[in-house]
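Q: Starting off with a structure, shown below.
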Amino acid sequence: MAENTQMNERQREAMEWTEGPELILAGAGSGKTRVLTHRIAYLIREKQVSPWNILAITFTNKAAAEMRSRVDALVESGAEAIWVATFHASCVRILRRFIDRIGYDNHFSIYDSDDQKAAMREVMKKLNIDPKQLRERSVLSAISAAKNEMIDSERYEREAADYLETRIAACYRAYQDLLRKNNALDFDDLLLKTVQLFEADPDVLAYYQERFRYIMVDEYQDTNTVQFRFVELLAKKYRNLCVVGDDDQSIYKFRGANIKNILNFEQAFPGAKVVKLEQNYRSSGNILDAANGVIQNNEGRKDKRLWTAAGRGEKVQLRRYASAAEEAEQITEEIKVRCQDGAYGRFAVLYRTNAQSRILEERFVAAGIPYRLVGGVNFYQRREIKDVLAYLKTVANAADDLAVQRILNVPKRGIGAATVSAVGSFAADREISFFEALREAPASGIAGRSSEKIQRFLNLIAVFRRESEKLPIADLIRLVLEKSGYQEALKEEGDLEAQARMENIEELISKAVDFERDLSDVSDRAEEGLPADLPPLDRFLEEVALVADIDRAEEGERVTLMTLHAAKGLEFEEVYISGMEEGLFPGNRSIDDSEEMEEERRLCYVGITRAKQRLSLSSAKSRIVNGELRFHRESPFLAEIPEELIERQKSARINDDPLPASGAHRSSSYSGQPKPAAFGKIFQVEHMKTLPYEVGDRVRHARFGVGSVLEIKDGKQDFEVTVEFDELGRRKMLAGFAKLEKLTS
DNA sequence: TCGAGAATTGTTTTT
DNA sequence: CAATTCTCGA
């Protein structure tokens, strides 16, 4: 929505209420970000509030960045002083400064989910718990749930009701000890420790209460109990708390989001002003009514109904296909037909699970339609990136045993599991860190034959540490790659995958360059009187820990492919939601649980309301899930859309054999059956015969620049394309990975 | 100690 | 189906 259009009455009312608690119930597409940003500008301009006293909290980095730039555009001066950050980033900032007050070291590492898994594995080994009996995953999620509810390990132990919980309690305690020993916090700890800090140290709390006199929280329906407490504590003194949310868009229950936070806001903050934003500026009437039709089946929601001044628009398209392959093919085809002007950015294809993206991607590549895949495997989770980061972490925080262990034998140095466990138990005996144990190992003969190799490793790290003092991070990474032999090992592998890894590392390096440039630009920390002693490397690692994905340049017009969750907060002219099937969306687990069903329904509501002009919902009669062919009926949500809004089409390829009755078996899996001959034959992708370019074409690569295609070879999974780049010379790459763009000139 | 091949296992969704 | 873990031979 354009920033300069007039605000409607409700929006203005919400904006102008600045003193005391306020709940803004902002339906999808009702302009809530607009209200928030204008409210900030209003506080500063009309109410003479210092930007310094404003805190705006979001959930995602994307949302924070978006809000930041819109506020910057609106506020003429002093905008940098406004704190706009995610919950996690805010907490890190506070903890870096004050966590020593509750007995931690300010230089803590932040563990991501992989680190957590590794830590838990170690814990369970130590406690002699069979990982088959009790999965580390489920222990971790139990711990996470506990932390979200602010239950520490002691209390968990006390309240453990059965044997299983007792075991988990033991893991919890040991896990927490391990993190503590490694000087690390996990994501949940960031919030929990901040709240504990506030509760333990009135001075710190008072400092931040005074600082943040005006607090705004976006996506309030997604807050969990710790987050609520965090906000509640901060707002306690001035009570200028404004939360914006939509209970119908609460889709993160699995992550501890407590929908009661929004439903009971008025009880928690008596005298709260409540404003409902119900006018939708995004979708056409039919789409909006479809959304309303679905969501009204949920109970226990705040009463509201979105309306629009726009016309009916096109009807909602409902499609039924014979197979997931056909679905993907038809969606691709339709987009191609509907997009004559090449403005592919208008389209998005949404789905329930990331696994569904692959089949779509294949078709997009085959059709030569540019697309952008959001989510999936995080950039920072890739092996090579984690390896490099582990080197950096080792340099920055030698107490981070996990990082040290990760790189000790990467690349291969002939230091194996036997040595690691010997050094590990040596470290445990002496109560020293793994790294220190490594240092002493050669002398005390612990490591035996590996002593020399360990010594070489230690020297390597010592060099890095020395150099890290004076080198920019990017150069340090290059040094690590070279001296550690990592680069050479990759080169030796020599295949395209190795090259892709190298490219990713290059991307990390350029990220580091950007980071340090930004750092020298404006340092918002400096003016806050933060001890400037936090070295750039530490800050870089911190940033990287809190950012899920690298923001790849969004150059060019591309169709967006992403999960429904990732789509929240976005909008597109035309939206395709694929896989509208019972058993997939809603998932099998949700079907006999009404709370889960409501969550899925909200997710469906979120998906529908992303569409501005045209919405297409499709399902496939058969689809391969986890390697087995499954048959699904249409999602029950489709039946909740009023018939008169719908335009239906059914694939001619569907035969009308009835599907088995629903209650018969919960998973309608037919895995044992022989495949009908029709499958595979008809839908076989004729091996991506169509790349959008051919030999001799001029193409552009996101980073390598412009070049000419020399050769296209039919590889195992993808085409191998050789390009002669003008600047960088000859490179071989996978077509799917390199995403080359044909130049028309 | 390491790599290749076999076996097994799993799914939501993410800061 | 694909990613991870396991097992075994060298």
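Note on naming: chains are A, B, ... as they come in the structure tokens, residues start from 1 per chain, ligands start from 1 in the order shown.
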Taking only segment 439-616 of chain A into account, list the residues labelled alpha helix (DSSP H) by DSSP (computed from the backbone), as number ranges by chain.
A: A: 439-444, 451-468, 473-483, 486-493, 496-521, 536-546, 564-567, 594-608
Q: Residues of chain B no more than 9 Å from chain A, counting only C-alpha atoms (C1' of nucleotides): send them over as a ChimeraX atom specification.
A: /B:1,10-15
Q: Include N, CA, C and O atoms (P, O5', C5', C4', C3', O3' and C1' of nucleotides) and write out the residues we just selected as an mmCIF file, in the first residue's frame.
A:
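part32.cif, written as the output of this step:
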data_model
loop_
_atom_site.group_PDB
_atom_site.id
_atom_site.type_symbol
_atom_site.label_atom_id
_atom_site.label_comp_id
_atom_site.auth_asym_id
_atom_site.auth_seq_id
_atom_site.Cartn_x
_atom_site.Cartn_y
_atom_site.Cartn_z
ATOM 1 P P DT B 1 41.395 -43.574 15.298
ATOM 2 O "O5'" DT B 1 41.391 -43.290 13.731
ATOM 3 C "C5'" DT B 1 42.575 -42.903 13.101
ATOM 4 C "C4'" DT B 1 42.298 -42.919 11.630
ATOM 5 C "C3'" DT B 1 41.038 -42.146 11.227
ATOM 6 O "O3'" DT B 1 41.358 -41.348 10.106
ATOM 7 C "C1'" DT B 1 40.892 -44.379 10.435
ATOM 8 P P DG B 10 11.705 -42.457 12.911
ATOM 9 O "O5'" DG B 10 11.555 -41.003 12.294
ATOM 10 C "C5'" DG B 10 12.733 -40.273 11.914
ATOM 11 C "C4'" DG B 10 12.405 -39.292 10.812
ATOM 12 C "C3'" DG B 10 11.006 -38.712 10.892
ATOM 13 O "O3'" DG B 10 11.097 -37.351 10.518
ATOM 14 C "C1'" DG B 10 11.282 -39.705 8.795
ATOM 15 P P DT B 11 11.267 -36.311 11.670
ATOM 16 O "O5'" DT B 11 9.839 -35.686 11.742
ATOM 17 C "C5'" DT B 11 8.814 -36.253 10.924
ATOM 18 C "C4'" DT B 11 8.082 -35.111 10.241
ATOM 19 C "C3'" DT B 11 6.655 -35.540 9.927
ATOM 20 O "O3'" DT B 11 5.712 -34.517 10.301
ATOM 21 C "C1'" DT B 11 7.751 -34.774 7.965
ATOM 22 P P DT B 12 6.276 -33.559 11.876
ATOM 23 O "O5'" DT B 12 7.562 -32.798 11.308
ATOM 24 C "C5'" DT B 12 7.548 -31.465 10.893
ATOM 25 C "C4'" DT B 12 7.150 -31.293 9.461
ATOM 26 C "C3'" DT B 12 7.427 -29.893 8.997
ATOM 27 O "O3'" DT B 12 7.712 -29.913 7.617
ATOM 28 C "C1'" DT B 12 5.078 -30.242 9.180
ATOM 29 P P DT B 13 8.493 -28.800 6.992
ATOM 30 O "O5'" DT B 13 7.519 -27.633 7.414
ATOM 31 C "C5'" DT B 13 7.906 -26.310 7.288
ATOM 32 C "C4'" DT B 13 6.954 -25.434 8.055
ATOM 33 C "C3'" DT B 13 7.692 -24.510 9.017
ATOM 34 O "O3'" DT B 13 7.933 -23.301 8.323
ATOM 35 C "C1'" DT B 13 5.726 -25.457 10.023
ATOM 36 P P DT B 14 9.376 -22.937 7.860
ATOM 37 O "O5'" DT B 14 9.885 -22.109 9.103
ATOM 38 C "C5'" DT B 14 9.149 -20.998 9.561
ATOM 39 C "C4'" DT B 14 9.914 -20.402 10.713
ATOM 40 C "C3'" DT B 14 11.396 -20.166 10.418
ATOM 41 O "O3'" DT B 14 11.790 -18.982 11.111
ATOM 42 C "C1'" DT B 14 11.201 -21.651 12.216
ATOM 43 P P DT B 15 13.010 -18.155 10.610
ATOM 44 O "O5'" DT B 15 13.261 -17.248 11.892
ATOM 45 C "C5'" DT B 15 12.207 -16.450 12.398
ATOM 46 C "C4'" DT B 15 12.499 -16.142 13.850
ATOM 47 C "C3'" DT B 15 13.918 -15.643 14.121
ATOM 48 O "O3'" DT B 15 13.850 -14.550 15.035
ATOM 49 C "C1'" DT B 15 13.466 -17.529 15.451
#
Q: Kindly determine which residues of chain C lie within 12 Å of chain A, considering only C-alpha atoms (C1' of nucleotides), and give the answer as number ranges by chain.
A: C: 1-3
Q: DSSP on the backbone, strand (DSSP E or B) only: what residues of segment 29-74 of chain A does that give? Format it as a list in words.
A: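 So, restricting segment 29-74 of chain A to strand (DSSP E or B), we get Ile54, Leu55, Ala56, Ile57 and Thr58 of chain A.
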Q: Name the residues in contact with Tyr111 of chain A at a cut-off of 10 Å, using only C-alpha atoms (C1' of nucleotides), excluding same-chain residues fewer than 3 positions from it; report them as JSON, numbers by chain.
A: {"A": [108, 114, 115, 116, 117, 118, 119, 179, 184, 185, 186, 187, 188, 189, 400, 402, 545, 546]}
Q: Put those residues in a file: N, CA, C and O atoms, as a PDB file, in the first residue's frame.
A:
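The resulting part-v3.pdb:
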ATOM      1  N   PHE A 108      29.161 -15.304  25.312  1.00  0.00           N
ATOM      2  CA  PHE A 108      28.553 -16.604  25.021  1.00  0.00           C
ATOM      3  C   PHE A 108      28.360 -16.871  23.529  1.00  0.00           C
ATOM      4  O   PHE A 108      28.231 -15.945  22.731  1.00  0.00           O
ATOM      5  N   ASP A 114      21.176 -27.443  15.042  1.00  0.00           N
ATOM      6  CA  ASP A 114      22.158 -28.505  14.848  1.00  0.00           C
ATOM      7  C   ASP A 114      23.073 -28.641  16.056  1.00  0.00           C
ATOM      8  O   ASP A 114      23.410 -29.738  16.479  1.00  0.00           O
ATOM      9  N   ASP A 115      23.491 -27.504  16.566  1.00  0.00           N
ATOM     10  CA  ASP A 115      24.349 -27.528  17.751  1.00  0.00           C
ATOM     11  C   ASP A 115      23.605 -28.155  18.922  1.00  0.00           C
ATOM     12  O   ASP A 115      24.168 -28.937  19.692  1.00  0.00           O
ATOM     13  N   GLN A 116      22.340 -27.801  19.035  1.00  0.00           N
ATOM     14  CA  GLN A 116      21.535 -28.377  20.111  1.00  0.00           C
ATOM     15  C   GLN A 116      21.490 -29.891  19.986  1.00  0.00           C
ATOM     16  O   GLN A 116      21.612 -30.610  20.966  1.00  0.00           O
ATOM     17  N   LYS A 117      21.312 -30.331  18.772  1.00  0.00           N
ATOM     18  CA  LYS A 117      21.220 -31.774  18.536  1.00  0.00           C
ATOM     19  C   LYS A 117      22.519 -32.458  18.931  1.00  0.00           C
ATOM     20  O   LYS A 117      22.527 -33.491  19.603  1.00  0.00           O
ATOM     21  N   ALA A 118      23.615 -31.852  18.513  1.00  0.00           N
ATOM     22  CA  ALA A 118      24.920 -32.431  18.836  1.00  0.00           C
ATOM     23  C   ALA A 118      25.122 -32.462  20.347  1.00  0.00           C
ATOM     24  O   ALA A 118      25.596 -33.458  20.906  1.00  0.00           O
ATOM     25  N   ALA A 119      24.754 -31.370  20.993  1.00  0.00           N
ATOM     26  CA  ALA A 119      24.913 -31.304  22.437  1.00  0.00           C
ATOM     27  C   ALA A 119      24.058 -32.374  23.115  1.00  0.00           C
ATOM     28  O   ALA A 119      24.513 -33.075  24.022  1.00  0.00           O
ATOM     29  N   LEU A 179      25.737 -26.778  28.154  1.00  0.00           N
ATOM     30  CA  LEU A 179      25.719 -25.468  27.507  1.00  0.00           C
ATOM     31  C   LEU A 179      26.477 -24.451  28.350  1.00  0.00           C
ATOM     32  O   LEU A 179      27.254 -23.650  27.841  1.00  0.00           O
ATOM     33  N   ALA A 184      27.527 -21.366  26.224  1.00  0.00           N
ATOM     34  CA  ALA A 184      26.595 -21.226  25.102  1.00  0.00           C
ATOM     35  C   ALA A 184      25.159 -21.095  25.589  1.00  0.00           C
ATOM     36  O   ALA A 184      24.799 -21.585  26.654  1.00  0.00           O
ATOM     37  N   LEU A 185      24.355 -20.432  24.782  1.00  0.00           N
ATOM     38  CA  LEU A 185      22.925 -20.352  25.018  1.00  0.00           C
ATOM     39  C   LEU A 185      22.206 -20.834  23.762  1.00  0.00           C
ATOM     40  O   LEU A 185      22.666 -20.567  22.655  1.00  0.00           O
ATOM     41  N   ASP A 186      21.105 -21.535  23.929  1.00  0.00           N
ATOM     42  CA  ASP A 186      20.318 -21.862  22.744  1.00  0.00           C
ATOM     43  C   ASP A 186      19.268 -20.768  22.528  1.00  0.00           C
ATOM     44  O   ASP A 186      19.164 -19.827  23.315  1.00  0.00           O
ATOM     45  N   PHE A 187      18.517 -20.894  21.456  1.00  0.00           N
ATOM     46  CA  PHE A 187      17.555 -19.842  21.105  1.00  0.00           C
ATOM     47  C   PHE A 187      16.597 -19.536  22.242  1.00  0.00           C
ATOM     48  O   PHE A 187      16.317 -18.377  22.547  1.00  0.00           O
ATOM     49  N   ASP A 188      16.101 -20.587  22.857  1.00  0.00           N
ATOM     50  CA  ASP A 188      15.129 -20.379  23.926  1.00  0.00           C
ATOM     51  C   ASP A 188      15.763 -19.706  25.131  1.00  0.00           C
ATOM     52  O   ASP A 188      15.123 -18.906  25.810  1.00  0.00           O
ATOM     53  N   ASP A 189      17.037 -20.048  25.362  1.00  0.00           N
ATOM     54  CA  ASP A 189      17.736 -19.427  26.479  1.00  0.00           C
ATOM     55  C   ASP A 189      17.823 -17.919  26.323  1.00  0.00           C
ATOM     56  O   ASP A 189      17.800 -17.188  27.309  1.00  0.00           O
ATOM     57  N   ASP A 400      33.955 -23.170  23.181  1.00  0.00           N
ATOM     58  CA  ASP A 400      32.887 -23.797  22.411  1.00  0.00           C
ATOM     59  C   ASP A 400      33.340 -25.169  21.913  1.00  0.00           C
ATOM     60  O   ASP A 400      33.805 -25.332  20.793  1.00  0.00           O
ATOM     61  N   LEU A 402      31.870 -27.751  20.935  1.00  0.00           N
ATOM     62  CA  LEU A 402      31.217 -28.292  19.756  1.00  0.00           C
ATOM     63  C   LEU A 402      31.897 -27.830  18.471  1.00  0.00           C
ATOM     64  O   LEU A 402      32.130 -28.617  17.555  1.00  0.00           O
ATOM     65  N   ALA A 545      24.193 -16.104  13.604  1.00  0.00           N
ATOM     66  CA  ALA A 545      23.427 -17.050  14.416  1.00  0.00           C
ATOM     67  C   ALA A 545      21.945 -16.697  14.433  1.00  0.00           C
ATOM     68  O   ALA A 545      21.102 -17.564  14.552  1.00  0.00           O
ATOM     69  N   LEU A 546      21.643 -15.439  14.290  1.00  0.00           N
ATOM     70  CA  LEU A 546      20.253 -15.022  14.426  1.00  0.00           C
ATOM     71  C   LEU A 546      19.530 -14.842  13.098  1.00  0.00           C
ATOM     72  O   LEU A 546      18.339 -14.649  13.056  1.00  0.00           O
TER      73      LEU A 546
END
Q: When distances are computed from only C-alpha atoms, which of A:Val388, A:Arg167, A:Ala161, A:Tyr156 shows the smallest separation from Pro131 of chain A?
A: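 For Pro131 of chain A, the nearest of the candidates is A:Arg167.
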Q: Quick one: of A:Gln279, A:Pro535, A:Ser284, A:Lys511, who's nearest to Gly313 of chain A, counting only C-alpha atoms?
A: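 Going through A:Gln279, A:Pro535, A:Ser284, A:Lys511 one by one, the smallest distance to Gly313 of chain A is for A:Ser284.
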